>>> print(open('coords.tsv').read())   # TSV, C-alpha atoms
chain	number	residue	atom	x	y	z
A	1	ARG	CA	-47.35	159.57	229.55
A	2	ALA	CA	-47.08	156.28	227.70
A	3	LEU	CA	-44.98	153.52	229.22
A	4	PRO	CA	-42.85	151.33	226.99
A	5	PRO	CA	-44.27	147.83	226.38
A	6	VAL	CA	-41.60	146.10	228.47
A	7	ALA	CA	-42.43	143.83	231.40
A	8	ALA	CA	-39.59	142.65	233.61
A	9	LEU	CA	-40.08	139.38	235.51
A	10	LYS	CA	-43.77	139.45	234.80
A	11	CYS	CA	-45.67	137.22	232.44
A	12	GLU	CA	-49.20	138.21	231.48
A	13	ARG	CA	-49.90	135.10	229.45
A	14	ARG	CA	-51.84	132.11	230.68
A	15	ARG	CA	-50.04	128.81	231.23
A	16	VAL	CA	-51.89	127.19	228.35
A	17	GLY	CA	-50.70	129.99	226.10
A	18	LEU	CA	-47.13	129.48	227.19
A	19	ARG	CA	-47.26	125.78	226.43
A	20	ASN	CA	-48.77	126.33	223.00
A	21	MET	CA	-46.52	129.15	221.82
A	22	SER	CA	-45.55	129.35	218.20
A	23	GLU	CA	-41.91	128.86	217.30
A	24	GLU	CA	-41.45	132.58	216.69
A	25	SER	CA	-42.91	133.46	220.10
A	26	VAL	CA	-40.68	130.88	221.79
A	27	LYS	CA	-37.63	132.50	220.19
A	28	LYS	CA	-38.73	135.92	221.45
A	29	TYR	CA	-39.30	134.50	224.93
A	30	ASP	CA	-35.95	132.65	224.95
A	31	TYR	CA	-34.17	135.79	223.79
A	32	VAL	CA	-34.97	137.49	227.09
A	33	LEU	CA	-33.90	134.61	229.36
A	34	PRO	CA	-30.11	135.08	229.10
A	35	TYR	CA	-30.48	138.55	230.58
A	36	VAL	CA	-32.25	137.29	233.69
A	37	LEU	CA	-29.90	136.41	236.54
A	38	PHE	CA	-31.12	133.24	238.21
A	39	PRO	CA	-29.51	133.01	241.67
A	40	ASP	CA	-29.02	129.24	241.74
A	41	ALA	CA	-27.61	129.10	238.22
A	42	ALA	CA	-25.31	132.06	238.87
A	43	MET	CA	-23.74	130.37	241.88
A	44	GLU	CA	-23.01	127.14	240.02
A	45	GLU	CA	-19.44	126.88	238.91
A	46	ASP	CA	-19.00	126.46	235.18
A	47	ALA	CA	-15.90	124.72	233.96
A	48	PRO	CA	-13.70	127.66	232.97
A	49	GLU	CA	-11.92	127.71	229.65
A	50	THR	CA	-8.34	126.72	230.36
A	51	VAL	CA	-6.88	127.48	226.93
A	52	VAL	CA	-5.19	130.86	226.51
A	53	ASN	CA	-3.90	132.44	223.34
A	54	VAL	CA	-0.31	133.58	223.79
A	55	MET	CA	1.48	136.12	221.64
A	56	ALA	CA	5.16	136.35	222.55
A	57	GLU	CA	7.53	139.02	221.22
A	58	LEU	CA	10.74	137.03	220.88
A	59	GLY	CA	13.21	139.19	219.02
A	60	GLU	CA	13.59	142.69	217.71
A	61	ALA	CA	10.63	145.03	217.53
A	62	GLY	CA	10.12	144.40	213.81
A	63	SER	CA	10.23	140.60	213.97
A	64	LYS	CA	7.12	138.43	213.75
A	65	PRO	CA	5.73	137.39	217.17
A	66	LEU	CA	5.13	133.75	218.09
A	67	VAL	CA	1.43	132.98	218.50
A	68	CYS	CA	0.29	129.74	220.16
A	69	GLU	CA	-2.38	128.27	222.40
A	70	PHE	CA	-1.54	126.96	225.87
A	71	ASP	CA	-3.85	124.85	228.03
A	72	TRP	CA	-2.78	125.31	231.64
A	73	GLU	CA	-4.49	122.10	232.80
A	74	MET	CA	-3.32	119.76	230.06
A	75	ASP	CA	0.11	121.17	229.13
A	76	GLU	CA	3.22	121.33	231.30
A	77	LEU	CA	4.94	124.70	230.95
A	78	ASP	CA	8.52	123.37	230.77
A	79	GLU	CA	7.59	120.68	228.24
A	80	PHE	CA	5.58	123.13	226.12
A	81	VAL	CA	8.42	125.67	226.04
A	82	ARG	CA	10.91	122.91	225.17
A	83	GLU	CA	8.73	121.72	222.25
A	84	LYS	CA	8.23	125.27	220.93
A	85	ARG	CA	11.95	125.92	221.28
A	86	GLU	CA	12.71	122.91	219.07
A	87	GLU	CA	9.95	123.71	216.55
A	88	GLU	CA	10.74	127.41	216.20
A	89	GLU	CA	14.51	127.06	216.80
A	90	LEU	CA	14.51	129.59	219.64
A	91	ASP	CA	17.52	130.67	221.67
A	92	ASP	CA	17.60	130.93	225.49
A	93	ALA	CA	16.32	134.52	225.48
A	94	GLY	CA	13.42	133.56	223.16
A	95	ALA	CA	12.49	130.59	225.35
A	96	ALA	CA	12.56	132.80	228.46
A	97	ALA	CA	10.37	135.40	226.71
A	98	LEU	CA	7.92	132.68	225.66
A	99	ARG	CA	7.78	131.28	229.21
A	100	GLN	CA	7.12	134.76	230.62
A	101	ALA	CA	4.44	135.50	228.01
A	102	ILE	CA	2.66	132.21	228.83
A	103	GLN	CA	2.80	132.90	232.57
A	104	ASP	CA	1.44	136.43	232.07
A	105	ALA	CA	-1.39	135.21	229.80
A	106	VAL	CA	-2.40	132.46	232.25
A	107	LYS	CA	-2.31	134.87	235.19
A	108	ALA	CA	-4.46	137.40	233.28
A	109	GLU	CA	-7.00	134.75	232.25
A	110	LYS	CA	-7.29	133.38	235.80
A	111	ALA	CA	-7.77	136.92	237.13
A	112	LYS	CA	-10.50	137.52	234.53
A	113	ILE	CA	-12.30	134.29	235.51
A	114	ARG	CA	-12.01	135.16	239.20
A	115	SER	CA	-13.40	138.67	238.68
A	116	GLU	CA	-16.34	137.35	236.64
A	117	ARG	CA	-17.14	134.80	239.36
A	118	ASP	CA	-16.91	137.49	242.06
A	119	ALA	CA	-19.20	139.78	240.04
A	120	ARG	CA	-21.82	137.01	239.75
A	121	ARG	CA	-21.61	136.33	243.49
A	122	LYS	CA	-21.90	140.03	244.30
A	123	ALA	CA	-24.95	140.38	242.03
A	124	VAL	CA	-26.67	137.47	243.79
A	125	ASP	CA	-25.68	138.75	247.24
A	126	ASP	CA	-27.09	142.19	246.42
A	127	MET	CA	-30.53	140.75	245.63
A	128	ASP	CA	-33.08	140.88	248.41
A	129	ASP	CA	-34.76	137.67	249.58
A	130	ALA	CA	-38.09	138.43	247.88
A	131	GLU	CA	-36.39	138.90	244.52
A	132	LYS	CA	-34.41	135.68	244.94
A	133	ALA	CA	-37.59	133.78	245.84
A	134	SER	CA	-39.46	135.16	242.83
A	135	LEU	CA	-36.60	134.24	240.47
A	136	ARG	CA	-36.41	130.73	241.91
A	137	GLY	CA	-40.17	130.27	241.48
A	138	MET	CA	-40.16	131.54	237.89
A	139	GLN	CA	-40.67	128.84	235.29
>>> encode(input="coords.tsv", output="structure tokens")
Amino acid sequence: RALPPVAALKCERRRVGLRNMSEESVKKYDYVLPYVLFPDAAMEEDAPETVVNVMAELGEAGSKPLVCEFDWEMDELDEFVREKREEEELDDAGAAALRQAIQDAVKAEKAKIRSERDARRKAVDDMDDAEKASLRGMQ
């Protein structure tokens, strides 16, 4: 039975060979690295993307929806809705629908970020100590 030529977390090349790799070999080597979960890097908090794309249905079912981007750290919700109301000439019902669509989009994005962070933490917590030590020592 022939085994596939895949080696996980094992390098059979000498250090000198790794230092003197050709550009093509470096690309092949770097291609594998994103799929390796390094415990220390996984626990670091990346700055999450705070911009959400919002699509708000404002009128009848056949009308064109309002599409905009909202940054929940930089933009104030009331001010943003007021500006869009003036730009798009929205009525009270349209402004309320836009506000609700923005709140729903922000809540969904924050939940997505939280679930991704929890999944990374769970993956690191599920590793045994020997695997964590070998990943930390890998260069």
>>> atom_distance(input="coords.tsv", atom1="atom CA of Asn20 of chain A", atom2="atom CA of Glu131 of chain A")
27.8 Å
>>> axis_aligned_box(input="coords.tsv", around="segment 72-90 of chain A", padding_each_side="6 Å", output="JSON")
{"center_x": 5.0, "center_y": 124.7, "center_z": 224.5, "size_x": 31.0, "size_y": 21.8, "size_z": 28.6}
>>> atom_distance(input="coords.tsv", atom1="atom CA of Glu76 of chain A", atom2="atom CA of Val51 of chain A")
12.6 Å
>>> closest_atom_pairs(input="coords.tsv", of="segment 50-82 of chain A", to="segment 87-102 of chain A", cutoff="8 Å", atoms="only C-alpha atoms", output="CSV")
residue,atom,partner,partner_atom,distance
A:Val54,CA,A:Ile102,CA,6.0
A:Met55,CA,A:Ala101,CA,7.1
A:Ala56,CA,A:Leu98,CA,5.5
A:Glu57,CA,A:Ala97,CA,7.2
A:Leu58,CA,A:Gly94,CA,4.9
A:Gly59,CA,A:Gly94,CA,7.0
A:Phe70,CA,A:Ile102,CA,7.3
A:Leu77,CA,A:Arg99,CA,7.4
A:Val81,CA,A:Ala95,CA,6.4
A:Arg82,CA,A:Ala95,CA,7.8
>>> atom_distance(input="coords.tsv", atom1="atom CA of Glu49 of chain A", atom2="atom CA of Lys28 of chain A")
29.2 Å
>>> residues_around(input="coords.tsv", residues="segment 113-117 of chain A", least_positions_apart="4", cutoff="8 Å", atoms="all atoms listed in the file", output="MDAnalysis selection string")
chainID A and resid 48 109 121
>>> closest_residue(input="coords.tsv", among="A:Leu135, A:Met21, A:Val52, A:Val26", to="Asp71 of chain A", atoms="only C-alpha atoms")
A:Val52
